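Chemist: Take a look at the following structure, please.
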Amino acid sequence: MVTEIFKVDKDSLDILNKAAELLRTGELVAIPTETVYGLGANAFDKNACLNIFKAKGRPGDNPLIVHIANPLDAEQIAYTNPLYYKLADKLMPGPLTVILPKREVIPAEVTAGLDSVAIRCPAHPVANKLIEMAGIPIAAPSANSSGKPSPTTASHVFDDMEGKIPLILDGGECDVGVESTVIKITENEIVLLRPGAVTVEMLKDFCENVSIAGAVKEELKAGEKPLSPGMKYKHYAPAAELYLIDDKSVNFVEFTKEKQKAESCAVMCYDEELPLLENKNLLPVGKREDIKNQTKRLFILLRKADKMGVDTIYAHLPDDTGESLAIYNRMIRACAHKIIK
Ligand code: TXA
Ligand code: MG
């Protein structure tokens, strides 16, 4: 199959029409969102959704997120509650996915047999316009091959999906850079399953009872059943060994400078540290205080590191609070909890 890529914005109606038609007829289309690129299919079409799993090499027991153009459309596919509407009013469209009990219309293939469905209304003009034009909810996981970092540019998608899907819509670099915040809710409780740009602090404005699932910060214990199937997969491990350095106890510059002399390594450093390190295989993550930029660059840099052919990668251990919790969560998984203290 030939994979076409088109640069689009919300007014590229010819291409969006073509994409909407492909989706309605059961084909897969890669779509830009504000978080990461998604690999979309008609959420009512179980065969189309099964093809998502094939194209990604995704385990069949890991459910998909269903994307809608308007938060009110959740009513057709899930049993909502007042807390959902309070969240939707302030945070949708946006980088938030809400898990609710599912209605019959959503095939078991989408939810991996679970009785709940994950719902998201993306804040990207192209994604929104396309879902509206297609007239159906769109099931879409991140558009990477399983086990690789989520794609934040159309060329990342092409690297993973060439020959497997007919169309990639290129909407430029994703704004956020990591996947949406995933929460499971009841009328009076929010459980955070995956941290993203919508933070725990923001969620506390809507509900007194906000908790963080254990697997967000820690490894799952042997035999422990995860709240979200995605938690049990070792998401992405770079080809090189990744180590996180706790700079509260270890001097990052001194430590990595020695490693640069002794090893073939890459260093993910803050911009401020660039002049202090040897100018070899440096991957600047952004300014120390600029968490938004660090989030945006994270997957771009991990993909770059893979292409460098080094033996080891050293990076700062991120804070596990606020907006930085999303980076912490992705990095501790990528390094398989190898932390230098
Ligand atoms: O930002 C995002 O959320 C992107 C863009 C494309 O929207 N999508 C994305 O999808 O990251 P994916 O499939 O890579 O991650 C979905 C996560 C997985 O960890 C999955 O296990 C969890 O959501 N999930 C989906 N449905 C669930 C359910 N019913 N119960 C618990 N977890 C669920
Ligand atoms: Mg994913």
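In the structure tokens, chains take the letters A, B, ... in the order shown, each chain's residues start at 1, and ligands count up from 1 in the order shown.
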Write as a count of residues only the residues around ligand 1, taking 6 Å as the cut-off and counting only C-alpha atoms and all ligand atoms.
Modeler: 23
Chemist: Name the residues of region 13-143 of chain A that fall into helix (DSSP H, G or I) according to DSSP on the backbone, using the chain letters and numbers of this document, as number ranges by chain.
Modeler: A: 13-24, 46-56, 71-77, 82-91, 108-111, 125-134
Chemist: Measuring atom to atom with only C-alpha atoms, identify which of A:Phe255, A:Phe206, A:Tyr84, A:Tyr243 is nearest to Lys184 (chain A).
Modeler: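 Residue with the minimum atom-to-atom distance to Lys184 (chain A): A:Tyr84.
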Chemist: For each of A:Gly214, A:Gly286, A:Gly172, A:Pro59, take the minimum atom-to-atom distance to ligand 2, counting only C-alpha atoms and all ligand atoms, then give the residue where this is smallest.
Modeler: A:Pro59
Chemist: Could you give me, as a list in words, each residue of region 145-248 of chain A that DSSP assigns to strand (DSSP E) when run on this structure's backbone?
Modeler: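 So the strand (DSSP E) residues in region 145-248 of chain A would be Leu167, Ile168, Leu169, Asp170, Thr181, Val182, Ile183, Lys184, Ile185, Thr186, Glu189, Ile190, Val191, Leu192, Leu193, Arg194, Val210, Ser211, Ile212, Glu241, Leu242, Tyr243, Leu244 and Ile245 of chain A.
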Chemist: Next, write the just-selected residues to a file, as a tab-separated table (two decimals), in the first residue's frame, keeping N, CA, C and O atoms as the atom set.
Modeler:
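Final output, saved to out_0.tsv:
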```tsv
chain	number	residue	atom	x	y	z
A	167	LEU	N	-3.21	6.98	4.36
A	167	LEU	CA	-3.16	8.44	4.44
A	167	LEU	C	-2.68	8.94	5.80
A	167	LEU	O	-3.15	8.49	6.85
A	168	ILE	N	-1.76	9.91	5.74
A	168	ILE	CA	-1.32	10.63	6.94
A	168	ILE	C	-1.64	12.11	6.72
A	168	ILE	O	-1.21	12.70	5.72
A	169	LEU	N	-2.38	12.71	7.63
A	169	LEU	CA	-2.64	14.15	7.57
A	169	LEU	C	-1.57	14.86	8.38
A	169	LEU	O	-1.40	14.60	9.58
A	170	ASP	N	-0.81	15.72	7.71
A	170	ASP	CA	0.29	16.43	8.37
A	170	ASP	C	-0.20	17.78	8.87
A	170	ASP	O	-0.37	18.71	8.08
A	181	THR	N	-4.10	13.15	29.42
A	181	THR	CA	-4.37	12.68	30.78
A	181	THR	C	-5.55	11.70	30.71
A	181	THR	O	-6.57	12.02	30.10
A	182	VAL	N	-5.40	10.51	31.29
A	182	VAL	CA	-6.51	9.54	31.30
A	182	VAL	C	-7.04	9.41	32.72
A	182	VAL	O	-6.26	9.15	33.66
A	183	ILE	N	-8.36	9.61	32.88
A	183	ILE	CA	-8.98	9.44	34.20
A	183	ILE	C	-10.19	8.53	34.11
A	183	ILE	O	-10.86	8.47	33.08
A	184	LYS	N	-10.43	7.82	35.20
A	184	LYS	CA	-11.65	7.03	35.32
A	184	LYS	C	-12.51	7.76	36.34
A	184	LYS	O	-12.01	8.14	37.40
A	185	ILE	N	-13.80	7.97	36.04
A	185	ILE	CA	-14.62	8.73	36.98
A	185	ILE	C	-15.91	8.00	37.36
A	185	ILE	O	-16.43	7.19	36.59
A	186	THR	N	-16.38	8.30	38.56
A	186	THR	CA	-17.77	8.03	38.93
A	186	THR	C	-18.36	9.40	39.27
A	186	THR	O	-17.71	10.42	39.02
A	189	GLU	N	-15.82	10.67	42.21
A	189	GLU	CA	-14.44	10.21	42.34
A	189	GLU	C	-13.71	10.29	41.00
A	189	GLU	O	-14.28	9.98	39.96
A	190	ILE	N	-12.43	10.72	41.08
A	190	ILE	CA	-11.58	10.71	39.88
A	190	ILE	C	-10.33	9.90	40.21
A	190	ILE	O	-9.68	10.13	41.23
A	191	VAL	N	-10.02	8.92	39.36
A	191	VAL	CA	-8.76	8.19	39.52
A	191	VAL	C	-7.89	8.48	38.29
A	191	VAL	O	-8.33	8.27	37.15
A	192	LEU	N	-6.68	8.98	38.53
A	192	LEU	CA	-5.76	9.29	37.43
A	192	LEU	C	-5.05	8.00	37.00
A	192	LEU	O	-4.36	7.36	37.80
A	193	LEU	N	-5.22	7.64	35.73
A	193	LEU	CA	-4.57	6.43	35.21
A	193	LEU	C	-3.32	6.74	34.39
A	193	LEU	O	-2.42	5.94	34.29
A	194	ARG	N	-3.32	7.92	33.75
A	194	ARG	CA	-2.14	8.34	32.98
A	194	ARG	C	-2.03	9.85	33.07
A	194	ARG	O	-2.97	10.55	32.74
A	210	VAL	N	-9.69	12.96	44.43
A	210	VAL	CA	-8.85	12.64	43.28
A	210	VAL	C	-7.70	11.76	43.76
A	210	VAL	O	-6.97	12.15	44.67
A	211	SER	N	-7.55	10.59	43.17
A	211	SER	CA	-6.40	9.74	43.56
A	211	SER	C	-5.58	9.39	42.33
A	211	SER	O	-6.05	9.49	41.19
A	212	ILE	N	-4.33	8.99	42.59
A	212	ILE	CA	-3.41	8.64	41.50
A	212	ILE	C	-3.19	7.13	41.55
A	212	ILE	O	-2.78	6.60	42.59
A	241	GLU	N	20.86	1.91	26.88
A	241	GLU	CA	20.43	1.90	28.29
A	241	GLU	C	20.20	3.35	28.74
A	241	GLU	O	21.09	4.18	28.62
A	242	LEU	N	19.01	3.62	29.26
A	242	LEU	CA	18.72	4.97	29.74
A	242	LEU	C	18.81	5.00	31.27
A	242	LEU	O	18.25	4.14	31.95
A	243	TYR	N	19.56	5.99	31.80
A	243	TYR	CA	19.67	6.19	33.25
A	243	TYR	C	19.15	7.58	33.60
A	243	TYR	O	19.44	8.55	32.90
A	244	LEU	N	18.40	7.65	34.69
A	244	LEU	CA	17.92	8.95	35.16
A	244	LEU	C	18.73	9.35	36.39
A	244	LEU	O	18.90	8.56	37.32
A	245	ILE	N	19.24	10.57	36.37
A	245	ILE	CA	20.10	11.05	37.46
A	245	ILE	C	19.30	11.98	38.37
A	245	ILE	O	18.75	12.98	37.90
```
Chemist: From the options A:Ala334, A:Val157, A:Leu50, A:Ala69, which residue's atoms come nearest to Ala108 (chain A), counting only C-alpha atoms?
Modeler: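 Between A:Ala334, A:Val157, A:Leu50, A:Ala69, the residue approaching Ala108 (chain A) most closely is A:Leu50.
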Chemist: Excluding Val66 (chain A) and any residue of its chain fewer than 3 positions from it, enumerate the residues within 7 Å of it, using only C-alpha atoms, and give them as a list in words.
Modeler: Ala43, Ala118, Ile119, Arg120, Pro137, Ile138, Ala139 and Ala140 of chain A
Chemist: Of the candidates A:Val178, A:Ile77, A:Ile300, A:Ala143, which shows the shortest atom-to-atom distance to Val105 (chain A), using only C-alpha atoms?
Modeler: A:Ile77
Chemist: Quick one: of A:Ala262, A:Ser150, A:Leu72, A:Gly60, who's nearest to ligand 2, counting only C-alpha atoms and all ligand atoms?
Modeler: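 Under the stated criterion, the closest residue is A:Ser150.
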Chemist: Find the residue from A:Asp61, A:Asp311, A:Asp319, A:Glu219 that sits nearest to Lys248 (chain A); use only C-alpha atoms when measuring.
Modeler: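 Smallest distance to Lys248 (chain A) is found for A:Asp319.
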Chemist: Using only C-alpha atoms, which protein or nucleic acid residues come within 12 Å of Lys307 (chain A)? Drop anything in the same chain fewer than 2 positions from it, and give the result as a ChimeraX atom specification.
Modeler: /A:238-240,266,281,300-305,309-311
Chemist: Work out how far apart CA of Lys232 (chain A) and CA of Val216 (chain A) are and give it in Å to one decimal.
Modeler: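 One can read the CA of Lys232 (chain A) to CA of Val216 (chain A) distance as 10.7 Å.
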Chemist: What lies within 12 Å of Val253 (chain A) using only C-alpha atoms, ignoring chain neighbours under 4 positions off, as a PDB file with C-alpha atoms, in the first residue's frame?
Modeler:
```
ATOM      1  CA  ILE A 245      20.095  11.045  37.460  1.00  0.00           C
ATOM      2  CA  ASP A 246      18.575  12.458  40.629  1.00  0.00           C
ATOM      3  CA  ASP A 247      20.240  15.872  40.617  1.00  0.00           C
ATOM      4  CA  LYS A 257      31.167  14.841  31.980  1.00  0.00           C
ATOM      5  CA  GLU A 258      33.034  11.803  33.350  1.00  0.00           C
ATOM      6  CA  LYS A 259      30.704   9.464  31.448  1.00  0.00           C
ATOM      7  CA  GLN A 260      31.294  11.422  28.229  1.00  0.00           C
ATOM      8  CA  VAL A 267      23.176  13.348  27.443  1.00  0.00           C
ATOM      9  CA  MET A 268      19.701  14.874  27.759  1.00  0.00           C
ATOM     10  CA  CYS A 269      20.629  18.116  29.499  1.00  0.00           C
ATOM     11  CA  TYR A 270      18.977  21.434  30.273  1.00  0.00           C
ATOM     12  CA  GLU A 272      21.727  26.018  30.652  1.00  0.00           C
ATOM     13  CA  GLU A 273      24.102  23.028  30.904  1.00  0.00           C
ATOM     14  CA  LEU A 274      25.106  23.012  27.216  1.00  0.00           C
ATOM     15  CA  PRO A 275      28.241  25.163  27.645  1.00  0.00           C
ATOM     16  CA  LEU A 276      29.358  23.096  30.669  1.00  0.00           C
ATOM     17  CA  LEU A 277      29.420  19.726  28.867  1.00  0.00           C
ATOM     18  CA  GLU A 278      31.551  18.345  26.081  1.00  0.00           C
ATOM     19  CA  TYR A 314      21.815   9.998  30.755  1.00  0.00           C
ATOM     20  CA  ALA A 315      18.956  12.334  31.656  1.00  0.00           C
ATOM     21  CA  HIS A 316      17.669  14.290  34.654  1.00  0.00           C
TER      22      HIS A 316
END
```
Chemist: Can you pull out every residue within 8 Å of region 287-295 of chain A, counting only C-alpha atoms, but drop anything in the same chain fewer than 6 positions away, and send it as a list in words?
Modeler: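 What passes the distance filter is Val176, Gly177, Val178, Tyr270, Asp271, Glu272, Glu323, Ser324, Ala326 and Ile327 of chain A.
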Chemist: I need the chosen residues saved as a PDB file, in the first residue's frame, with C-alpha atoms.
Modeler:
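Ended up saving to part31.pdb:
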```pdb
ATOM      1  CA  VAL A 176       1.618  19.217  23.934  1.00  0.00           C
ATOM      2  CA  GLY A 177       3.986  16.388  22.958  1.00  0.00           C
ATOM      3  CA  VAL A 178       2.767  13.629  25.323  1.00  0.00           C
ATOM      4  CA  TYR A 270      18.977  21.434  30.273  1.00  0.00           C
ATOM      5  CA  ASP A 271      19.820  24.262  27.842  1.00  0.00           C
ATOM      6  CA  GLU A 272      21.727  26.018  30.652  1.00  0.00           C
ATOM      7  CA  GLU A 323       2.922  19.310  34.823  1.00  0.00           C
ATOM      8  CA  SER A 324       6.192  17.428  35.252  1.00  0.00           C
ATOM      9  CA  ALA A 326       3.673  13.358  32.775  1.00  0.00           C
ATOM     10  CA  ILE A 327       7.391  13.503  31.883  1.00  0.00           C
TER      11      ILE A 327
END
```
Chemist: So how far away is CA of Val198 (chain A) from CA of Pro226 (chain A), in Å?
Modeler: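 One can read the CA of Pro226 (chain A) to CA of Val198 (chain A) distance as 21.3 Å.
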